[in-house]
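Chemist: One structure follows; several queries about it will come next.
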Amino acid sequence: MAKGAVLGTLTLSLLAVPAQAAPAESRPKPDITGLRSVLRTAVQQGAPGAMARVVDHGKVRTAAVGVADRTTGRALSTADRFRIGSVTKTFSAVVLLQLADEKKLDLDASVDRYLPGLLPDRRITVRHVLAHRSGLYDYTNDMFAKTVPGFEAVRTKVFTYRQLVDRSLRHARTNEPGAAYAYSNTNFVVAGLLIEKLTGHSVRTAYENRVFKPLKLRDTFYLHPGTKIPGRHTKGYLTPDQAGAPLVDATDQTVSWAQNAGAIISSTRDLNTFLTALLGGRLTSAASLKQMERMIPVNSTQAYGLGLRRRDLTCGVSVYGHTGAVQGYYTYAFASKDGRRSLAALATTSNNGEVLNTMLGTLESAFCGKPAKSPRAVTPVERYEDIAPGVVRN
C-alpha cells in the first residue's frame with residue numbers, strides 16, 4: 001500500500017458529511033490582513049513569492065508578497081500566470097462530466113468499455129478513476145523519489161499517456177477497485193485517454209472548446225509539450241531535498257510527466273472565474289455537479305469527490321476546489337458551496353513542507369475571517385503533495 005493512502009473498505013454508505021454551510025449574509029468577511037500575513041510567512045519559509053486573490057460576491061481583494069523572478073527582482077503580481085498543477089484535474093473532471101451529460105459516458109461503466117485492454121481489471125470504473133479509488137499505483141512516487149534529479153530527468157521529455165500508465169502497471173495496485181481512496185496521478189492520465197477517445201479531439205481542444213473559451217479564460221492554456229509559459233508570468237522554484245541547497249528554477253518544462261493531470265497554466269483571476277462557474281452550476285448539469293460533490297473521506301478535515309476536493313475549515317465552513325503542486329508552484333483554488341466566494345492562492349516553490357502547511361492558512365483567512373478564539377478543530381499537518389503522494393514532506 002502506498003504511503004498516504006487511506007486504508008480500509010469504504011462504501012457509498014460512508015460518504016462524508018460536509019460542515020454546515022453558513023448563509024451568505026452570515027459568513028465572516030475575508031481577513032485580508034491575515035491573508036497577507038500568511039503570504040509573508042510563506043516567503044520567510046523559502047518561497048520567493050506568494051499571492052492570493054479573493055472574490056466575494058463580485059468584490060475583488062488581492063495580495064502579493066515577494067518576487068516573480070529572483071534574477072531581476074520583479075515584484076510578484078496577481079496578474080502573473082503560473083502552472084496550476086493538479087487543479088488541472090478539476091478541469092479534466094468537468095469535461096468528462098459534460099460528456100456524461102451528453103450521454104456519451106457512463107460513470108459506473110468499466111474503463112475497459114471505452115479503452116479496451118488498457119487496464120488489467122475490468123472492475124475499474126470511470127467513477128473509480130475520477131475519485132482516486134481505482135487502486136492504480138501512482139508512478140510519480142518512483143519518478144520523483146529524489147526531487148531535483150527526478151525532475152531534471154523528465155524536464156524536457158515527452159511521454160505518451162500509455163507510457164505513463166505502463167509505469168504504473170509495473171507495480172501492484174494499492175487496493176481493490178472501489179475499496180479505498182488513494183491519490184494517484186495515474187487515474188487522471190486514464191481520464192485524459194477517455195477525453196480524447198470520447199471527444200475525438202486532443203485534451204487541449206476539449207479544454208478550449210468546453211471550458212476556456214466559454215468562460216473567456218484569457219490566461220489559461222494547455223500547451224503540452226511546449227515548455228514556455230506565454231506572456232507575463234511568475235517563475236517557479238523547486239526546493240532541493242538537501243537542506244540549504246540553492247533553489248532550482250523549474251519554470252520551463254514540458255510537464256509531460258503529468259499532462260492532463262497537472263499541465264494547465266492559468267492565473268488567480270481565471271481560477272476564481274472557473275470555480276465560481278463550476279460551483280454556480282454553469283459548466284455541468286445540476287445532477288453532474290452533485291456527482292462531483294459526492295465525497296469519500298480522506299481524513300478528519302478533507303474529502304474527495306470526482307476531481308474535486310472538499311476541505312472543512314475551523315470555523316465550520318466547507319470549501320470546494322483542488323490543490324495543485326507542480327515543480328516550483330503550490331496552488332490552492334477553492335470556493336464556497338454556492339461559488340459566491342472564491343480564493344486562488346499561490347506560493348512559488350514546492351517540495352517545502354513548511355510552505356505547504358502555511359498556505360493552508362489562506363483558506364482560513366479567506367473563508368473564516370479572523371481566527372476564532374476556540375476553533376472547533378486544529379488543521380492537521382500536511383505531509384504529502386499531489387506530486388509523488390507517497391513521499392513524506394518534512
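All residue names refer to the C-alpha cells as shown: chains lettered A, B, ... in order, residues numbered from 1 in each chain, ligands numbered from 1 in order.
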With a cut-off of 12 Å, could you pull out the residues of range 331-351 of chain A touching range 277-293 of chain A and give me the nearest pair of atoms for each, distance in Å to one decimal, using only C-alpha atoms, ordered by chain and ascending number, as a tab-separated table?
Modeler:
```
residue	atom	partner	partner_atom	distance
A:Phe334	CA	A:Leu279	CA	10.0
A:Ala335	CA	A:Leu279	CA	7.7
A:Ser336	CA	A:Leu279	CA	7.9
A:Lys337	CA	A:Leu279	CA	6.3
A:Asp338	CA	A:Gly280	CA	5.7
A:Gly339	CA	A:Leu279	CA	4.8
A:Arg340	CA	A:Gly280	CA	7.7
A:Arg341	CA	A:Leu279	CA	10.2
A:Ser342	CA	A:Leu279	CA	10.0
```
Chemist: Write to file, as a PDB file, in the first residue's frame, the residues of the selection just made, with N, CA, C and O atoms.
Modeler:
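Output below, filename out_33.pdb:
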```
ATOM      1  N   PHE A 334     -10.091  27.270  -4.233  1.00  0.00           N
ATOM      2  CA  PHE A 334     -11.291  26.771  -3.568  1.00  0.00           C
ATOM      3  C   PHE A 334     -12.378  27.837  -3.581  1.00  0.00           C
ATOM      4  O   PHE A 334     -12.102  29.026  -3.721  1.00  0.00           O
ATOM      5  N   ALA A 335     -13.610  27.376  -3.416  1.00  0.00           N
ATOM      6  CA  ALA A 335     -14.751  28.294  -3.379  1.00  0.00           C
ATOM      7  C   ALA A 335     -15.796  27.760  -2.403  1.00  0.00           C
ATOM      8  O   ALA A 335     -15.791  26.575  -2.042  1.00  0.00           O
ATOM      9  N   SER A 336     -16.695  28.644  -1.991  1.00  0.00           N
ATOM     10  CA  SER A 336     -17.822  28.246  -1.166  1.00  0.00           C
ATOM     11  C   SER A 336     -18.751  27.348  -1.972  1.00  0.00           C
ATOM     12  O   SER A 336     -18.670  27.294  -3.209  1.00  0.00           O
ATOM     13  N   LYS A 337     -19.650  26.650  -1.292  1.00  0.00           N
ATOM     14  CA  LYS A 337     -20.533  25.695  -1.960  1.00  0.00           C
ATOM     15  C   LYS A 337     -21.356  26.358  -3.066  1.00  0.00           C
ATOM     16  O   LYS A 337     -21.626  25.751  -4.106  1.00  0.00           O
ATOM     17  N   ASP A 338     -21.741  27.616  -2.863  1.00  0.00           N
ATOM     18  CA  ASP A 338     -22.529  28.314  -3.878  1.00  0.00           C
ATOM     19  C   ASP A 338     -21.677  29.056  -4.896  1.00  0.00           C
ATOM     20  O   ASP A 338     -22.199  29.654  -5.840  1.00  0.00           O
ATOM     21  N   GLY A 339     -20.342  29.008  -4.730  1.00  0.00           N
ATOM     22  CA  GLY A 339     -19.436  29.647  -5.678  1.00  0.00           C
ATOM     23  C   GLY A 339     -19.323  31.149  -5.538  1.00  0.00           C
ATOM     24  O   GLY A 339     -18.563  31.778  -6.274  1.00  0.00           O
ATOM     25  N   ARG A 340     -20.012  31.743  -4.565  1.00  0.00           N
ATOM     26  CA  ARG A 340     -20.034  33.208  -4.496  1.00  0.00           C
ATOM     27  C   ARG A 340     -18.793  33.805  -3.836  1.00  0.00           C
ATOM     28  O   ARG A 340     -18.547  35.003  -3.967  1.00  0.00           O
ATOM     29  N   ARG A 341     -18.061  32.986  -3.101  1.00  0.00           N
ATOM     30  CA  ARG A 341     -16.756  33.429  -2.609  1.00  0.00           C
ATOM     31  C   ARG A 341     -15.707  32.424  -3.061  1.00  0.00           C
ATOM     32  O   ARG A 341     -15.883  31.222  -2.898  1.00  0.00           O
ATOM     33  N   SER A 342     -14.637  32.915  -3.640  1.00  0.00           N
ATOM     34  CA  SER A 342     -13.595  32.018  -4.127  1.00  0.00           C
ATOM     35  C   SER A 342     -12.223  32.566  -3.775  1.00  0.00           C
ATOM     36  O   SER A 342     -12.031  33.776  -3.636  1.00  0.00           O
TER      37      SER A 342
END
```
Chemist: Find the spatial neighbours of Arg311 in chain A, counting only C-alpha atoms, within a cut-off of 6 Å - ignore same-chain residues fewer than 5 positions away - and output them as a VMD selection string.
Modeler: chain A and resid 301 to 302 318 to 319
Chemist: From the options A:Asn187, A:Thr41, A:Thr268, A:Thr227, which residue's atoms come nearest to Gln253 in chain A, counting only C-alpha atoms?
Modeler: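 When distances to Gln253 in chain A are compared using only C-alpha atoms, the smallest one comes from A:Thr227.
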Chemist: Would you please work out which residue, of A:Tyr114, A:Tyr183, A:Tyr237, A:Phe159, is nearest to Leu306 in chain A when using only C-alpha atoms?
Modeler: A:Tyr183
